[in-house]
Amino acid sequence: MKDFIKMTLACLTGLLLLGFISTFLFVTTIGAVVALGNKQPQMPSSAVLYLDMSTIMLTEQTQEPDPLSILQGDGTEVQPLGIYSAIRTINTAAEDPAVKFIYMKPDGVMGGLAQIEELRTALVNFRSSGKAIISYMETPTNAGYYLASVSDKIYMTSHDGGTNLLTGVSSQMIFLKDLLDRIGVNVQLIRHGKYKSAGEMFIRETPSKENLEQNEAMIQSIWENWAGKIAESREIDLTELNAMLNNLELNFPEDFLEKGLVDGLVTYEQMRQKVADLYGVFSPKDVESVSLYDYALIREPINLNPAAKVAVIYIDGDIVDGKDAQQQVVAGDRFAKIISDVRNDDMVKAAVLRVNSPGGSVLASEKIKAEIALLKEKIPVVASYSNYAASGGYWISAGCDKIYTNATTLTGSIGVFSMIPDFSKTLDDRLHVGITPVNSNRHSDMYGMMRPLTDKEVAYMQASVEKIYGKFTGLVAEGRNMTVEQVDEIAQGRVWTGSEACDLGLADHIGTIEDAISDAVYMAIHSAELDDISQVSIVGYPKPLTSIELLMESLGGTQEQNILSDTPFSAVGEAFRNWTSAQSGKVYARMPYEYVIR
């Protein structure tokens with residue numbers, strides 16, 4: 001018996017020791033990886049600012065590197081860089097004598113339409129300082145060439161084999177009614193707004209006339225903005241540029257050179273030598289360079305003793321109910337609390353509401369809007385629109401003192417909808433499963449998705465949709481100093497680009513997040529009676545996740561993957577990724593798709 005007890009105690013001791021050692025090694029490894037990711041880069045006395053757009057993810061807020069990607073990666077992991085940080089960094093480089101010029105590789109650029117537009121604006125400002133930008137491309141894309149076109153010189157690989165993806169912008173509209181009919185699913189869509197096409201893909205085989213009209217107008221407006229700036233920068237006629245694309249005249253590198261879209265064809269080694277020549281050294285190995293991400297860390301201004309603060313509140317993602325702390329969503333209760341905390345901070349003298357949201361829950365949007373209205377009673381609130389500020393994203397921001405938007409921002413979508421799928425035919429005709437409801441009241445199972453709605457139930461839901469649409473148009477009318485009739489005429493669920501929104505009175509200025517923050521800083525200085533901007537600190541909310549928090553989120557599996565990614569259905573998957581059976585019958589203010597331009 002004594003031997004048994006000894007063996008048992010020895011085993012328990014061994015297991016405890018093994019657990020302690022494993023935990024120690026895990027924590028030590030993670031600590032080392034985090035330390036590696038947070039290693040402070042050094043700035044040479046003279047350097048080229050290197051923008052490799054395939055290694056930078058333009059985001060709303062700068063994030064610390066993901067330790068898991070560092071652990072699994074090959075040293076070329078993508079680094080998330082907030083667009084305001086990117087703009088401010090390029091502005092700093094323009095005035096920094098240590099930075100000689102920018103060398104950019106635009107291939108593989110990652111970011112939304114507005115973020116890419118804002119980065120290009122910063123590059124234009126950099127060139128106006130008298131410093132050069134040179135670019136090197138191997139596989140031109142719409143977004144990549146749009147960025148590269150700002151350069152003093154554009155070089156392209158002399159090697160054949162690359163694919164020209166500069167073909168103009170496009171989107172795909174997916175319609176699933178025929179497929180759903182085949183499996184017996186009947187989606188019941190209740191909406192207000194002839195352009196409110198969210199859910200239309202489930203009830204039609206082709207787009208409605210209004211839906212097609214708005215999509216064609218959006219794509220044309222986006223391309224006119226990008227193509228116009230490309231043509232202006234390269235000093236070619238816009239009609240001529242469109243003819244090149246329409247006639248497929250850009251196939252080989254020689255075609256780009258002949259048409260004046262690039263200034264030379266070189267190999268990668270020859271390009272390195274050109275950089276060395278411009279830098280003023282004999283060999284490429286003597287060129288000192290610093291990446292945009294590292295330079296942002298080196299030159300990030302820190303105000304340790306501000307007299308006032310400007311809060312930048314990032315509304316980034318789908319608007320959902322509850323307190324969800326995931327990075328990818330804007331939870332109504334959580335963000336209402338964040339805005340309330342900003343309001344109760346007497347150091348905050350102005351705020352910028354940075355909106356990058358296609359909308360979502362009406363209830364959550366209302367909670368956020370209510371807090372913004374209280375904040376606006378105390379301090380000025382300026383809105384800045386990123387890739388999207390549509391439906392719920394526009395709902396929460398329409399009452400701001402000023403609205404800045406990018407030309408390619410997708411905004412408006414003033415309309416609402418509700419959706420309930422009916423699976424009764426699927427279960428009965430396809431799966432041969434019988435369903436018998438047992439209800440306490442006549443309509444207890446109307447949201448159960450196991451039978452079609454009655455006419456009375458449809459009318460009941462339509463009344464809710466109509467009331468919320470009326471509230472939506474009313475708050476827009478109040479916030480934009482318009483009549484409800486004027487709002488209704490441009491509403492109806494229609495999505496507009498930022499440039500169109502300014503013409504219609506839905507926004508005030510075409511401008512970047514930097515423009516909005518500069519305006520807010522001026523307001524803060526005036527309000528607090530300060531002397532200059534050095535006394536004002538810019539503070540972002542919510543605080544970005546740390547490396548450890550990112551790791552825990554990754555290990556905990558909280559980051560959902562869209563299984564439709566990289567397929568024609570990805571836009572639908574993104575739009576409805578947060579939709580579950582619990583949302584059946586709820587009223588939503590959301591765009592129908594999310595648009596990605598390559």
# chains A, B, ... in the order shown; residues from 1 in each chain; ligands from 1
$ residues_around --residues "Gly399 in chain A" --least-positions-apart "2" --cutoff "10 Å" --atoms "only C-alpha atoms" --output "list in words"
Lys369, Ile372, Ala373, Lys376, Val381, Val382, Ala383, Tyr394, Trp395, Ile396, Ser397, Asp401, Lys402, Ile403, Leu475, Val476, Ala477, Glu478, Gly479, Arg480 and Asn481 of chain A
$ select_by_dssp --residues "range 135-378 of chain A" --states "alpha helix (DSSP H)" --output "number ranges by chain"
A: 142-148, 177-182, 209-234, 238-246, 253-258, 268-279, 292-299, 332-343, 362-378
$ write_last_selection --atoms "C-alpha atoms" --output "JSON list (two decimals), in the first residue's frame"
[["chain", "number", "residue", "atom", "x", "y", "z"],
["A", 142, "ASN", "CA", -6.41, 48.73, -60.94],
["A", 143, "ALA", "CA", -5.54, 49.68, -57.36],
["A", 144, "GLY", "CA", -1.79, 49.18, -57.82],
["A", 145, "TYR", "CA", -1.55, 51.33, -60.92],
["A", 146, "TYR", "CA", -3.83, 53.95, -59.37],
["A", 147, "LEU", "CA", -1.24, 54.31, -56.60],
["A", 148, "ALA", "CA", 1.76, 54.08, -58.93],
["A", 177, "LYS", "CA", -33.69, 32.27, -56.20],
["A", 178, "ASP", "CA", -33.49, 29.41, -58.69],
["A", 179, "LEU", "CA", -31.13, 27.47, -56.43],
["A", 180, "LEU", "CA", -33.29, 28.13, -53.36],
["A", 181, "ASP", "CA", -36.40, 27.06, -55.29],
["A", 182, "ARG", "CA", -34.71, 23.78, -56.14],
["A", 209, "LYS", "CA", -34.05, 47.67, -62.80],
["A", 210, "GLU", "CA", -33.32, 49.94, -59.84],
["A", 211, "ASN", "CA", -30.66, 47.64, -58.39],
["A", 212, "LEU", "CA", -28.86, 47.35, -61.71],
["A", 213, "GLU", "CA", -29.09, 51.10, -62.19],
["A", 214, "GLN", "CA", -27.47, 51.91, -58.84],
["A", 215, "ASN", "CA", -24.72, 49.32, -59.26],
["A", 216, "GLU", "CA", -23.83, 50.58, -62.73],
["A", 217, "ALA", "CA", -23.78, 54.17, -61.45],
["A", 218, "MET", "CA", -21.56, 53.24, -58.47],
["A", 219, "ILE", "CA", -19.02, 51.35, -60.57],
["A", 220, "GLN", "CA", -18.93, 54.13, -63.16],
["A", 221, "SER", "CA", -18.44, 56.81, -60.49],
["A", 222, "ILE", "CA", -15.60, 54.87, -58.84],
["A", 223, "TRP", "CA", -13.83, 54.29, -62.14],
["A", 224, "GLU", "CA", -14.27, 57.89, -63.32],
["A", 225, "ASN", "CA", -12.60, 59.09, -60.13],
["A", 226, "TRP", "CA", -9.66, 56.68, -60.35],
["A", 227, "ALA", "CA", -9.23, 56.83, -64.13],
["A", 228, "GLY", "CA", -9.45, 60.62, -64.11],
["A", 229, "LYS", "CA", -6.56, 60.87, -61.65],
["A", 230, "ILE", "CA", -4.53, 58.29, -63.56],
["A", 231, "ALA", "CA", -5.02, 60.15, -66.83],
["A", 232, "GLU", "CA", -4.16, 63.49, -65.22],
["A", 233, "SER", "CA", -0.98, 62.16, -63.61],
["A", 234, "ARG", "CA", 0.24, 60.46, -66.79],
["A", 238, "LEU", "CA", -9.20, 59.91, -70.32],
["A", 239, "THR", "CA", -10.94, 58.77, -73.50],
["A", 240, "GLU", "CA", -7.64, 57.40, -74.74],
["A", 241, "LEU", "CA", -7.07, 55.52, -71.47],
["A", 242, "ASN", "CA", -10.52, 53.93, -71.63],
["A", 243, "ALA", "CA", -9.93, 52.95, -75.26],
["A", 244, "MET", "CA", -6.75, 51.11, -74.24],
["A", 245, "LEU", "CA", -8.73, 49.03, -71.79],
["A", 246, "ASN", "CA", -11.80, 48.55, -73.97],
["A", 253, "PRO", "CA", 5.15, 45.27, -70.87],
["A", 254, "GLU", "CA", 6.04, 46.83, -74.23],
["A", 255, "ASP", "CA", 2.40, 47.93, -74.61],
["A", 256, "PHE", "CA", 2.55, 49.85, -71.33],
["A", 257, "LEU", "CA", 5.74, 51.57, -72.47],
["A", 258, "GLU", "CA", 4.38, 52.39, -75.93],
["A", 268, "TYR", "CA", 14.48, 43.63, -60.78],
["A", 269, "GLU", "CA", 18.28, 43.95, -60.50],
["A", 270, "GLN", "CA", 18.29, 46.86, -62.91],
["A", 271, "MET", "CA", 15.60, 48.49, -60.80],
["A", 272, "ARG", "CA", 17.71, 48.06, -57.68],
["A", 273, "GLN", "CA", 20.56, 49.81, -59.49],
["A", 274, "LYS", "CA", 18.28, 52.70, -60.46],
["A", 275, "VAL", "CA", 17.37, 53.10, -56.78],
["A", 276, "ALA", "CA", 21.07, 53.08, -55.90],
["A", 277, "ASP", "CA", 21.82, 55.71, -58.56],
["A", 278, "LEU", "CA", 19.07, 57.98, -57.27],
["A", 279, "TYR", "CA", 20.25, 57.42, -53.70],
["A", 292, "LEU", "CA", 6.65, 52.51, -44.12],
["A", 293, "TYR", "CA", 5.56, 50.41, -41.12],
["A", 294, "ASP", "CA", 8.91, 50.72, -39.35],
["A", 295, "TYR", "CA", 9.17, 54.44, -40.11],
["A", 296, "ALA", "CA", 5.73, 54.91, -38.57],
["A", 297, "LEU", "CA", 7.02, 53.31, -35.36],
["A", 298, "ILE", "CA", 10.19, 55.41, -35.39],
["A", 299, "ARG", "CA", 8.59, 58.79, -36.06],
["A", 332, "GLY", "CA", -24.17, 48.57, -30.01],
["A", 333, "ASP", "CA", -23.91, 48.30, -26.22],
["A", 334, "ARG", "CA", -20.12, 48.24, -26.24],
["A", 335, "PHE", "CA", -19.74, 51.28, -28.49],
["A", 336, "ALA", "CA", -22.46, 53.22, -26.67],
["A", 337, "LYS", "CA", -20.35, 52.75, -23.53],
["A", 338, "ILE", "CA", -17.16, 53.82, -25.35],
["A", 339, "ILE", "CA", -18.82, 57.01, -26.61],
["A", 340, "SER", "CA", -20.24, 57.69, -23.16],
["A", 341, "ASP", "CA", -16.74, 57.39, -21.67],
["A", 342, "VAL", "CA", -15.43, 59.88, -24.25],
["A", 343, "ARG", "CA", -18.24, 62.28, -23.35],
["A", 362, "VAL", "CA", -31.25, 49.21, -36.39],
["A", 363, "LEU", "CA", -31.46, 48.83, -32.60],
["A", 364, "ALA", "CA", -27.68, 48.94, -32.20],
["A", 365, "SER", "CA", -27.45, 51.89, -34.61],
["A", 366, "GLU", "CA", -30.04, 53.76, -32.54],
["A", 367, "LYS", "CA", -28.10, 53.18, -29.32],
["A", 368, "ILE", "CA", -24.89, 54.47, -30.87],
["A", 369, "LYS", "CA", -26.63, 57.46, -32.47],
["A", 370, "ALA", "CA", -28.22, 58.41, -29.14],
["A", 371, "GLU", "CA", -24.80, 58.53, -27.48],
["A", 372, "ILE", "CA", -23.34, 60.54, -30.37],
["A", 373, "ALA", "CA", -26.18, 63.05, -30.00],
["A", 374, "LEU", "CA", -25.31, 63.46, -26.30],
["A", 375, "LEU", "CA", -21.63, 63.83, -27.18],
["A", 376, "LYS", "CA", -22.50, 66.48, -29.78],
["A", 377, "GLU", "CA", -24.29, 68.53, -27.14],
["A", 378, "LYS", "CA", -20.98, 68.86, -25.29]]
$ closest_residue --among "A:Ile490, A:Ala47, A:Ile236, A:Leu304" --to "Phe101 in chain A" --atoms "only C-alpha atoms"
A:Ala47
$ residues_around --residues "Ser361 in chain A" --least-positions-apart "5" --cutoff "10 Å" --atoms "only C-alpha atoms" --output "number ranges by chain"
A: 318-321, 330-332, 366, 391-392, 416, 583, 586-590
$ write_last_selection --atoms "N, CA and C atoms" --output "short mmCIF file (atom, residue, chain, number, x, y, z; two decimals), in the first residue's frame"
data_model
loop_
_atom_site.label_atom_id
_atom_site.label_comp_id
_atom_site.auth_asym_id
_atom_site.auth_seq_id
_atom_site.Cartn_x
_atom_site.Cartn_y
_atom_site.Cartn_z
N ASP A 318 -19.51 45.58 -39.23
CA ASP A 318 -20.97 45.45 -39.13
C ASP A 318 -21.46 45.93 -37.78
N ILE A 319 -22.60 46.58 -37.78
CA ILE A 319 -23.21 47.04 -36.53
C ILE A 319 -24.13 45.94 -36.01
N VAL A 320 -23.82 45.43 -34.84
CA VAL A 320 -24.56 44.28 -34.30
C VAL A 320 -25.05 44.61 -32.89
N ASP A 321 -26.00 43.82 -32.43
CA ASP A 321 -26.53 43.99 -31.07
C ASP A 321 -25.57 43.41 -30.04
N VAL A 330 -19.11 46.07 -34.73
CA VAL A 330 -19.40 47.24 -33.89
C VAL A 330 -20.63 46.89 -33.06
N ALA A 331 -20.40 46.45 -31.84
CA ALA A 331 -21.50 46.03 -30.97
C ALA A 331 -22.14 47.26 -30.33
N GLY A 332 -23.47 47.36 -30.44
CA GLY A 332 -24.17 48.57 -30.01
C GLY A 332 -23.94 48.94 -28.56
N GLU A 366 -29.33 52.77 -33.34
CA GLU A 366 -30.04 53.76 -32.54
C GLU A 366 -29.31 54.04 -31.22
N SER A 391 -26.32 52.87 -44.82
CA SER A 391 -27.41 52.34 -43.99
C SER A 391 -27.14 52.68 -42.52
N GLY A 392 -26.93 51.67 -41.67
CA GLY A 392 -26.68 51.96 -40.26
C GLY A 392 -25.46 52.85 -40.06
N VAL A 416 -34.52 50.27 -45.14
CA VAL A 416 -34.48 49.18 -44.16
C VAL A 416 -35.18 47.95 -44.73
N GLN A 583 -31.67 36.30 -35.97
CA GLN A 583 -31.97 37.60 -36.59
C GLN A 583 -33.25 37.56 -37.42
N LYS A 586 -35.95 40.50 -37.59
CA LYS A 586 -35.44 41.79 -37.14
C LYS A 586 -35.32 42.75 -38.32
N VAL A 587 -35.37 44.03 -38.03
CA VAL A 587 -35.27 45.05 -39.07
C VAL A 587 -33.82 45.52 -39.16
N TYR A 588 -33.31 45.59 -40.39
CA TYR A 588 -31.91 45.93 -40.60
C TYR A 588 -31.77 47.15 -41.50
N ALA A 589 -30.70 47.89 -41.26
CA ALA A 589 -30.27 48.97 -42.15
C ALA A 589 -28.86 48.62 -42.59
N ARG A 590 -28.77 47.94 -43.74
CA ARG A 590 -27.47 47.44 -44.19
C ARG A 590 -27.39 47.41 -45.70
#
$ closest_residue --among "A:Leu250, A:Val78, A:Ile190, A:Ile183" --to "Thr141 in chain A" --atoms "only C-alpha atoms"
A:Leu250
$ atom_distance --atom1 "CA of Ile83 in chain A" --atom2 "CA of Gln328 in chain A"
16.7 Å
$ residues_around --residues "Gln492 in chain A" --least-positions-apart "3" --cutoff "6 Å" --atoms "only C-alpha atoms" --output "mmCIF file with N, CA and C atoms, in the first residue's frame"
data_model
loop_
_atom_site.group_PDB
_atom_site.id
_atom_site.type_symbol
_atom_site.label_atom_id
_atom_site.label_comp_id
_atom_site.auth_asym_id
_atom_site.auth_seq_id
_atom_site.Cartn_x
_atom_site.Cartn_y
_atom_site.Cartn_z
ATOM 1 N N GLY A 193 -38.036 50.912 -49.891
ATOM 2 C CA GLY A 193 -37.012 51.524 -50.730
ATOM 3 C C GLY A 193 -36.820 50.704 -51.994
ATOM 4 N N LYS A 194 -37.136 51.300 -53.125
ATOM 5 C CA LYS A 194 -37.032 50.550 -54.380
ATOM 6 C C LYS A 194 -35.590 50.205 -54.723
ATOM 7 N N TYR A 195 -34.622 50.913 -54.104
ATOM 8 C CA TYR A 195 -33.210 50.597 -54.323
ATOM 9 C C TYR A 195 -32.638 49.734 -53.195
ATOM 10 N N GLY A 415 -32.511 53.111 -46.169
ATOM 11 C CA GLY A 415 -33.618 52.179 -46.341
ATOM 12 C C GLY A 415 -33.466 51.049 -45.349
#
$ select_by_dssp --residues "range 100-222 of chain A" --states "strand (DSSP E)" --output "list in words"
Lys100, Phe101, Ile102, Tyr103, Met104, Lys105, Ile133, Ile134, Ser135, Tyr136, Met137, Lys153, Ile154, Tyr155, Met156, Thr157, Asn186, Val187, Gln188, Leu189, Ile190, Arg191 and His192 of chain A
$ closest_atom_pairs --of "range 155-260 of chain A" --to "range 124-138 of chain A" --cutoff "12 Å" --atoms "only C-alpha atoms" --output "CSV"
residue,atom,partner,partner_atom,distance
A:Tyr155,CA,A:Tyr136,CA,4.8
A:Met156,CA,A:Met137,CA,4.8
A:Thr157,CA,A:Glu138,CA,5.2
A:Ser158,CA,A:Glu138,CA,8.6
A:His159,CA,A:Glu138,CA,8.4
A:Asp160,CA,A:Glu138,CA,9.4
A:Gly161,CA,A:Glu138,CA,9.3
A:Gly162,CA,A:Glu138,CA,6.3
A:Thr163,CA,A:Glu138,CA,8.3
A:Asn164,CA,A:Glu138,CA,8.9
A:Leu165,CA,A:Glu138,CA,10.7
A:Leu166,CA,A:Met137,CA,11.8
A:Lys229,CA,A:Val124,CA,10.8
A:Ser233,CA,A:Val124,CA,9.9
A:Phe252,CA,A:Glu138,CA,10.9
A:Pro253,CA,A:Glu138,CA,8.9
A:Phe256,CA,A:Met137,CA,11.1
$ closest_residue --among "A:Thr512, A:Ser171, A:Leu248, A:Glu300" --to "Ile116 in chain A" --atoms "only C-alpha atoms"
A:Thr512
$ residues_around --residues "Pro207 in chain A" --least-positions-apart "3" --cutoff "9 Å" --atoms "only C-alpha atoms" --output "PyMOL selection string"
chain A and resi 173-175+197+200-201+204+210-212
$ write_last_selection --atoms "N, CA and C atoms" --output "mmCIF file, in the first residue's frame"
data_model
loop_
_atom_site.group_PDB
_atom_site.id
_atom_site.type_symbol
_atom_site.label_atom_id
_atom_site.label_comp_id
_atom_site.auth_asym_id
_atom_site.auth_seq_id
_atom_site.Cartn_x
_atom_site.Cartn_y
_atom_site.Cartn_z
ATOM 1 N N MET A 173 -22.919 40.538 -59.248
ATOM 2 C CA MET A 173 -24.193 40.461 -58.549
ATOM 3 C C MET A 173 -24.665 39.005 -58.614
ATOM 4 N N ILE A 174 -24.875 38.412 -57.453
ATOM 5 C CA ILE A 174 -25.248 37.006 -57.351
ATOM 6 C C ILE A 174 -26.730 36.889 -57.000
ATOM 7 N N PHE A 175 -27.438 35.995 -57.699
ATOM 8 C CA PHE A 175 -28.860 35.787 -57.440
ATOM 9 C C PHE A 175 -29.128 34.296 -57.248
ATOM 10 N N SER A 197 -31.693 46.827 -51.963
ATOM 11 C CA SER A 197 -31.547 45.518 -52.603
ATOM 12 C C SER A 197 -30.956 44.459 -51.685
ATOM 13 N N GLU A 200 -32.268 40.956 -51.974
ATOM 14 C CA GLU A 200 -32.838 40.749 -53.303
ATOM 15 C C GLU A 200 -32.246 39.519 -53.995
ATOM 16 N N MET A 201 -31.000 39.206 -53.660
ATOM 17 C CA MET A 201 -30.381 38.038 -54.296
ATOM 18 C C MET A 201 -31.073 36.729 -53.930
ATOM 19 N N ARG A 204 -34.841 36.874 -56.288
ATOM 20 C CA ARG A 204 -34.870 37.124 -57.728
ATOM 21 C C ARG A 204 -33.796 36.289 -58.432
ATOM 22 N N GLU A 210 -33.900 48.949 -60.744
ATOM 23 C CA GLU A 210 -33.316 49.943 -59.842
ATOM 24 C C GLU A 210 -31.978 49.455 -59.281
ATOM 25 N N ASN A 211 -31.904 48.191 -58.942
ATOM 26 C CA ASN A 211 -30.664 47.640 -58.390
ATOM 27 C C ASN A 211 -29.553 47.691 -59.424
ATOM 28 N N LEU A 212 -29.864 47.292 -60.650
ATOM 29 C CA LEU A 212 -28.862 47.347 -61.715
ATOM 30 C C LEU A 212 -28.428 48.782 -61.977
#
